[in-house]
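As stored in my_file27.txt (compact mmCIF, C-alpha atoms):
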```
# COMPACT_ATOMS: atom_id res chain seq x y z
CA MET A 681 0.00 0.00 0.00
CA ILE A 682 1.33 3.42 -0.98
CA PHE A 683 1.69 6.16 1.62
CA PHE A 684 0.90 9.64 0.32
CA PRO A 685 1.78 12.53 2.65
CA ALA A 686 -0.27 15.58 1.69
CA ILE A 687 0.59 19.19 1.04
CA ASP A 688 -2.46 21.45 0.74
CA LEU A 689 -1.58 24.89 -0.59
CA LYS A 690 -3.36 28.08 0.40
CA ASP A 691 -1.81 31.45 -0.39
CA GLY A 692 1.57 29.79 -0.97
CA GLN A 693 1.65 28.03 2.40
CA CYS A 694 1.16 24.45 3.59
CA VAL A 695 -2.13 24.31 5.46
CA ARG A 696 -4.74 21.87 6.65
CA LEU A 697 -8.47 22.53 6.66
CA VAL A 698 -11.25 20.99 8.72
CA ARG A 699 -13.90 19.39 6.50
CA GLY A 700 -12.82 21.61 3.62
CA ASP A 701 -13.60 24.89 5.35
CA MET A 702 -11.17 27.56 4.09
CA GLU A 703 -11.96 29.62 7.20
CA GLN A 704 -10.55 26.82 9.36
CA ALA A 705 -7.07 26.75 7.85
CA THR A 706 -4.08 25.99 10.05
CA VAL A 707 -0.70 26.94 8.60
CA PHE A 708 1.94 24.25 9.23
CA ASN A 709 4.76 25.43 7.01
CA ASP A 710 5.33 28.53 4.89
CA ASP A 711 7.92 26.72 2.76
CA PRO A 712 6.19 24.08 0.58
CA GLY A 713 9.43 23.09 -1.09
CA GLY A 714 11.08 22.55 2.27
CA GLN A 715 8.14 20.48 3.47
CA ALA A 716 8.34 18.32 0.35
CA GLY A 717 12.03 17.80 1.05
CA ILE A 718 11.20 16.55 4.55
CA PHE A 719 8.81 13.97 3.15
CA SER A 720 11.33 12.92 0.51
CA ALA A 721 14.03 12.46 3.16
CA ALA A 722 11.62 10.30 5.18
CA GLY A 723 11.51 7.79 2.34
CA CYS A 724 8.16 8.72 0.83
CA GLN A 725 8.04 7.98 -2.87
CA TRP A 726 4.75 9.71 -3.64
CA LEU A 727 3.40 13.12 -2.61
CA HIS A 728 -0.20 14.35 -2.78
CA VAL A 729 -0.52 18.09 -3.50
CA VAL A 730 -3.70 20.18 -3.72
CA ASP A 731 -3.97 23.80 -4.83
CA LEU A 732 -6.83 24.83 -2.54
CA ASN A 733 -7.13 28.34 -3.96
CA GLY A 734 -7.17 26.84 -7.42
CA ALA A 735 -9.97 24.44 -6.50
CA PHE A 736 -12.18 27.39 -5.55
CA GLU A 737 -11.17 29.67 -8.41
CA GLY A 738 -11.21 27.05 -11.14
CA GLN A 739 -7.65 27.65 -12.29
CA PRO A 740 -4.15 27.14 -10.87
CA VAL A 741 -3.24 29.75 -8.24
CA ASN A 742 -0.31 28.33 -6.29
CA GLY A 743 1.85 27.58 -9.30
CA ALA A 744 5.04 29.01 -7.78
CA ALA A 745 4.62 26.83 -4.68
CA VAL A 746 4.04 23.74 -6.82
CA GLU A 747 7.18 24.47 -8.82
CA SER A 748 9.19 24.84 -5.60
CA ILE A 749 7.93 21.40 -4.59
CA LEU A 750 8.98 19.95 -7.94
CA VAL A 751 12.49 21.31 -7.43
CA SER A 752 12.81 20.05 -3.86
CA ALA A 753 11.08 16.69 -3.94
CA ASN A 754 12.77 13.56 -5.22
CA MET A 755 9.53 11.64 -5.55
CA LYS A 756 6.46 11.27 -7.69
CA ILE A 757 3.80 13.96 -7.28
CA GLN A 758 0.08 13.87 -7.90
CA LEU A 759 -1.53 17.29 -8.14
CA GLY A 760 -5.12 18.47 -7.97
CA GLY A 761 -7.00 21.74 -7.59
CA GLY A 762 -8.11 24.04 -10.40
CA ILE A 763 -7.26 21.67 -13.25
CA ARG A 764 -10.27 22.15 -15.49
CA ASN A 765 -8.95 21.96 -19.08
CA LEU A 766 -6.55 19.97 -21.23
CA GLU A 767 -4.07 22.83 -21.48
CA THR A 768 -3.55 22.78 -17.71
CA VAL A 769 -3.21 19.00 -17.72
CA ASP A 770 -0.56 19.23 -20.44
CA TYR A 771 1.23 22.05 -18.64
CA TRP A 772 1.66 20.28 -15.32
CA LEU A 773 2.63 16.94 -16.80
CA ALA A 774 5.25 18.69 -18.94
CA LYS A 775 6.57 20.39 -15.79
CA GLY A 776 7.22 17.03 -14.17
CA ILE A 777 4.03 16.25 -12.25
CA SER A 778 3.55 12.48 -12.39
CA ARG A 779 -0.22 12.46 -12.17
CA VAL A 780 -2.92 15.12 -12.33
CA ILE A 781 -6.16 14.82 -10.38
CA LEU A 782 -9.44 15.85 -12.00
CA GLY A 783 -12.27 16.41 -9.53
CA THR A 784 -14.79 19.08 -10.48
CA ALA A 785 -13.95 18.43 -14.13
CA ALA A 786 -14.82 14.75 -13.68
CA LEU A 787 -18.39 15.70 -12.80
CA ARG A 788 -18.82 18.68 -15.12
CA ASP A 789 -16.76 17.58 -18.13
CA PRO A 790 -16.32 13.79 -18.25
CA ASP A 791 -15.10 13.97 -21.85
CA LEU A 792 -12.10 15.94 -20.62
CA VAL A 793 -11.15 13.09 -18.31
CA LYS A 794 -11.44 10.55 -21.10
CA GLU A 795 -9.41 12.65 -23.53
CA ALA A 796 -6.74 13.36 -20.93
CA CYS A 797 -6.48 9.64 -20.20
CA ARG A 798 -6.16 8.90 -23.91
CA LEU A 799 -3.38 11.44 -24.38
CA HIS A 800 -1.58 10.71 -21.09
CA PRO A 801 -1.99 7.02 -20.17
CA GLY A 802 -1.42 6.34 -16.49
CA CYS A 803 -1.12 10.03 -15.62
CA VAL A 804 -4.71 10.98 -14.77
CA ALA A 805 -6.56 10.31 -11.52
CA VAL A 806 -10.15 11.17 -10.64
CA GLY A 807 -10.79 12.82 -7.29
CA ILE A 808 -14.16 11.92 -5.81
CA ASP A 809 -14.94 13.98 -2.73
CA ALA A 810 -18.15 12.89 -1.07
CA TRP A 811 -20.45 14.38 1.54
CA GLU A 812 -22.79 11.66 2.84
CA GLY A 813 -22.21 9.72 -0.36
CA LEU A 814 -22.84 12.61 -2.77
CA VAL A 815 -20.11 14.20 -4.89
CA ALA A 816 -18.97 17.68 -3.86
CA VAL A 817 -17.20 20.03 -6.30
CA GLU A 818 -15.72 23.53 -6.58
CA GLY A 819 -13.43 23.03 -3.60
CA TRP A 820 -16.27 21.22 -1.79
CA ALA A 821 -18.37 24.38 -1.87
CA GLU A 822 -21.15 22.65 -3.83
CA VAL A 823 -22.72 19.24 -3.23
CA SER A 824 -24.21 17.63 -6.33
CA GLU A 825 -26.92 14.99 -6.65
CA MET A 826 -24.44 12.51 -8.16
CA LYS A 827 -23.56 9.50 -6.03
CA ALA A 828 -19.86 8.80 -5.60
CA LEU A 829 -20.20 5.28 -6.98
CA ASP A 830 -22.07 6.47 -10.08
CA LEU A 831 -19.29 8.94 -10.86
CA ALA A 832 -16.63 6.27 -10.39
CA LEU A 833 -18.45 3.88 -12.71
CA ARG A 834 -18.61 6.57 -15.39
CA PHE A 835 -14.86 6.16 -15.98
CA GLU A 836 -14.49 2.40 -15.72
CA ASP A 837 -13.20 2.02 -19.29
CA ALA A 838 -11.46 5.39 -19.60
CA GLY A 839 -8.02 4.36 -18.37
CA VAL A 840 -8.07 6.35 -15.13
CA ALA A 841 -4.95 5.54 -13.10
CA ALA A 842 -6.65 5.85 -9.71
CA ILE A 843 -9.70 7.14 -7.90
CA ILE A 844 -8.93 9.25 -4.86
CA TYR A 845 -11.91 8.91 -2.55
CA THR A 846 -12.30 11.48 0.20
CA ASP A 847 -14.99 11.44 2.85
CA ILE A 848 -15.35 15.17 3.49
CA GLY A 849 -16.95 14.61 6.87
CA ARG A 850 -13.78 12.91 8.06
CA ASP A 851 -11.20 15.15 6.38
CA GLY A 852 -9.07 17.02 8.90
CA ALA A 853 -11.41 15.98 11.71
CA MET A 854 -9.06 13.33 13.15
CA GLU A 855 -11.96 10.90 13.57
CA GLY A 856 -10.52 8.00 11.57
CA PRO A 857 -11.05 7.18 7.88
CA ASN A 858 -14.31 5.87 6.49
CA ILE A 859 -12.89 2.46 5.70
CA ALA A 860 -16.26 0.83 5.03
CA ALA A 861 -17.25 3.32 2.35
CA THR A 862 -13.80 3.24 0.76
CA VAL A 863 -13.76 -0.55 0.63
CA ALA A 864 -17.28 -0.66 -0.78
CA LEU A 865 -16.28 1.70 -3.58
CA ALA A 866 -13.08 -0.24 -4.30
CA LYS A 867 -15.01 -3.50 -4.56
CA ALA A 868 -17.49 -1.97 -7.00
CA VAL A 869 -14.96 -0.69 -9.54
CA SER A 870 -11.88 -2.03 -11.31
CA THR A 871 -9.95 1.25 -11.02
CA PRO A 872 -7.48 1.35 -8.09
CA VAL A 873 -8.81 3.36 -5.13
CA ILE A 874 -6.80 5.56 -2.77
CA ALA A 875 -8.27 6.39 0.65
CA SER A 876 -8.29 9.97 1.88
CA GLY A 877 -9.66 11.82 4.87
CA GLY A 878 -9.66 11.20 8.60
CA VAL A 879 -6.46 9.25 9.26
CA SER A 880 -5.51 10.21 12.81
CA SER A 881 -2.98 7.60 13.97
CA MET A 882 -0.72 4.73 13.06
CA GLY A 883 -3.56 2.53 14.27
CA ASP A 884 -5.73 3.84 11.45
CA LEU A 885 -2.98 2.96 8.99
CA ARG A 886 -2.82 -0.57 10.39
CA LYS A 887 -6.56 -0.96 9.82
CA LEU A 888 -6.19 0.28 6.26
CA LYS A 889 -3.26 -2.05 5.68
CA ASP A 890 -5.62 -4.95 6.40
CA GLU A 891 -7.45 -3.85 3.24
CA ALA A 892 -4.27 -3.58 1.14
CA ALA A 893 -5.55 -6.19 -1.29
CA ILE A 894 -8.30 -3.81 -2.38
CA ILE A 895 -7.15 -0.28 -1.42
CA GLU A 896 -4.04 0.88 -3.26
CA GLY A 897 -2.93 3.71 -1.01
CA VAL A 898 -3.75 6.20 1.70
CA ILE A 899 -3.34 9.98 1.94
CA CYS A 900 -2.37 11.55 5.27
CA GLY A 901 -2.43 15.24 6.07
CA ARG A 902 -3.11 16.75 9.49
CA SER A 903 -2.00 13.64 11.39
CA VAL A 904 1.44 13.94 9.80
CA TYR A 905 1.80 17.60 10.71
CA ASP A 906 0.49 16.99 14.24
CA GLY A 907 3.07 14.28 14.77
CA ARG A 908 0.53 11.49 15.19
CA VAL A 909 1.79 9.72 12.07
CA ASP A 910 5.51 9.53 11.40
CA PRO A 911 6.13 9.43 7.61
CA ASN A 912 9.15 7.15 7.88
CA ALA A 913 7.29 4.69 10.10
CA ALA A 914 4.24 4.88 7.84
CA VAL A 915 6.27 4.00 4.75
CA LYS A 916 7.78 1.02 6.57
CA LEU A 917 4.39 -0.12 7.89
CA LEU A 918 2.58 0.05 4.58
CA GLY A 919 5.41 -1.30 2.50
CA GLU A 920 7.56 0.02 -0.32
CA ALA A 921 5.77 2.70 -2.32
CA CYS A 922 5.78 2.25 -6.06
```

When written as structure tokens, how does the structure in this file appear?
Amino acid sequence: MIFFPAIDLKDGQCVRLVRGDMEQATVFNDDPGGQAGIFSAAGCQWLHVVDLNGAFEGQPVNGAAVESILVSANMKIQLGGGIRNLETVDYWLAKGISRVILGTAALRDPDLVKEACRLHPGCVAVGIDAWEGLVAVEGWAEVSEMKALDLALRFEDAGVAAIIYTDIGRDGAMEGPNIAATVALAKAVSTPVIASGGVSSMGDLRKLKDEAAIIEGVICGRSVYDGRVDPNAAVKLLGEAC
């Protein structure tokens, strides 16, 4: 199982939100590149990065911070937030991002996802952020009537590299991940699923590891910055990232 430490970017800084609320942002590091270097030194081979401002504004905002991460991090990076057209997909992949994440675009413009997958095999993930099972978009500011599973099934034959499933109610709340919902989604689709939201301890990672046969990876944010999850120990627990 792959361990993905997370860097969420707001106004050029590394922050964590509570349930996606931009008004509840805690700044953990004002040097994103430096933070990426810390994760790289800990043995992490993947990094999860989100441009929070970009998610709300519909276009990349924290580009300079992302580029500093690319310079500092000797690992693969998946990036989401404000990627709503093919030009932006092309731009970030050309810059060295390993995988782009399409969230709002997956709901609003499914043809974009399919075309991006066709042009960039293995380099496109779909982010499905759910509030009580329904897909939320625009930086979680809007909750749609689309069920998370229905959106995932829409891309079964598109060549999506992974589905990143986030339970918004758990994100940043330190209440533990929604393992049942994540496992149910992973069993219903053939696309690899990555768990996100709520991991609060190494114990949570051990529970997720028990589902390693069906869940490909796990994203950790606040628990890493709070010191509840040690990146080096997490990598060793979950196994070699690939």

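Here the question is which of A:Lys775, A:Arg788, A:Lys916, A:Arg696 gets nearest to Val815 in chain A using only C-alpha atoms, and that residue is A:Arg788.
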
Would you mind telling me which residue in A:Ala744, A:Ile682, A:Ile843, A:Val695 lies nearest to Gly723 in chain A when using only C-alpha atoms?
->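 Of all the options, A:Ile682 lies closest to Gly723 in chain A.
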
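Note that the spacing between CA of Ala913 in chain A and CA of His728 in chain A amounts to 17.8 Å.
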
Find the residues near range 711-722 of chain A: any atom within 6 Å, counting all atoms listed in the file, skip ones fewer than 3 places away on the same chain, and give them as a short mmCIF file (atom, residue, chain, number, x, y, z; two decimals) with C-alpha atoms, in the coordinates of the input.
```cif
data_model
loop_
_atom_site.label_atom_id
_atom_site.label_comp_id
_atom_site.auth_asym_id
_atom_site.auth_seq_id
_atom_site.Cartn_x
_atom_site.Cartn_y
_atom_site.Cartn_z
CA CYS A 694 1.16 24.45 3.59
CA SER A 748 9.19 24.84 -5.60
CA ILE A 749 7.93 21.40 -4.59
CA SER A 752 12.81 20.05 -3.86
CA ALA A 753 11.08 16.69 -3.94
CA ASN A 754 12.77 13.56 -5.22
CA ASN A 912 9.15 7.15 7.88
#
```

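Here CA of Ser881 in chain A and CA of Val869 in chain A stand 27.7 Å from one another.
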
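Using all atoms listed in the file for every distance, the candidate list A:Thr846, A:Asn858, A:Ser824, A:Asn733 yields A:Asn733 as the residue closest to Ala745 in chain A.
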
For CA of Met826 in chain A and CA of Ala786 in chain A, determine how far apart the two atoms are, in Å to one decimal place.
->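 Atom-to-atom, CA of Met826 in chain A to CA of Ala786 in chain A, that is 11.3 Å.
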
Find the spatial neighbours of Leu787 in chain A, counting only C-alpha atoms, within a cut-off of 10 Å - ignore same-chain residues fewer than 4 positions away - and output them as a list in words.
->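 Close residues of Leu787 in chain A: Leu782, Gly783, Asp791, Val793, Val806, Gly807, Ile808, Val815, Ala816, Val817, Ser824, Met826, Leu831, Ala832 and Arg834 of chain A.
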
Surrounding residues of Ala805 in chain A excluding itself and chain neighbours under 4 positions, 7 Å, all atoms listed in the file, as a list of chain:residue names | A:Arg779, A:Val780, A:Ile781, A:Leu782, A:Val840, A:Ala841, A:Ala842, A:Ile843

Excluding Lys756 in chain A and its own-chain neighbours fewer than 5 positions away, which residues fall within 9 Å of it when counting all atoms listed in the file? Please give them as a PDB file with C-alpha atoms, in the frame of the given file.
```pdb
ATOM      1  CA  GLN A 725       8.040   7.980  -2.870  1.00  0.00           C
ATOM      2  CA  TRP A 726       4.750   9.710  -3.640  1.00  0.00           C
ATOM      3  CA  LEU A 727       3.400  13.120  -2.610  1.00  0.00           C
ATOM      4  CA  HIS A 728      -0.200  14.350  -2.780  1.00  0.00           C
ATOM      5  CA  GLY A 776       7.220  17.030 -14.170  1.00  0.00           C
ATOM      6  CA  ILE A 777       4.030  16.250 -12.250  1.00  0.00           C
ATOM      7  CA  SER A 778       3.550  12.480 -12.390  1.00  0.00           C
ATOM      8  CA  ARG A 779      -0.220  12.460 -12.170  1.00  0.00           C
TER       9      ARG A 779
END
```

Judged by all atoms listed in the file, the minimum distance to Cys797 in chain A among A:Gly839, A:Gly813, A:Pro685, A:Gly849 is found for A:Gly839

Counting all atoms listed in the file, what is within 12 Å of Ile895 in chain A, bar same-chain residues fewer than 6 positions away, as a VMD selection string?
-> chain A and resid 681 to 683 842 to 845 859 to 876 885 887 to 889 918

Could you tell me which of A:Gly883, A:Ala705, A:Ala735, A:Phe684 comes closest to Glu822 in chain A if we count all atoms listed in the file?
->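 Going through A:Gly883, A:Ala705, A:Ala735, A:Phe684 one by one, the smallest distance to Glu822 in chain A is for A:Ala735.
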
Among listed residues A:Asp789, A:Asp691, A:Glu855, A:Glu747, nearest Gly878 in chain A (using only C-alpha atoms) |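 Once distances to Gly878 in chain A are computed over only C-alpha atoms, the minimum belongs to A:Glu855.
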
List the residues sitting within 9 Å of (0.6, 8.8, 11.4) in the file's frame, using only C-alpha atoms, as a ChimeraX atom specification.
-> /A:879-885,900-911,913-914

List every protein, DNA or RNA residue that has at least one atom no more than 12 Å from (-4.5, 24.5, -3.6) in the file's coordinates, counting only C-alpha atoms, and write the result as a PyMOL selection string.
-> chain A and resi 686-697+700+702+705+712+728-746+759-763+781+818-819
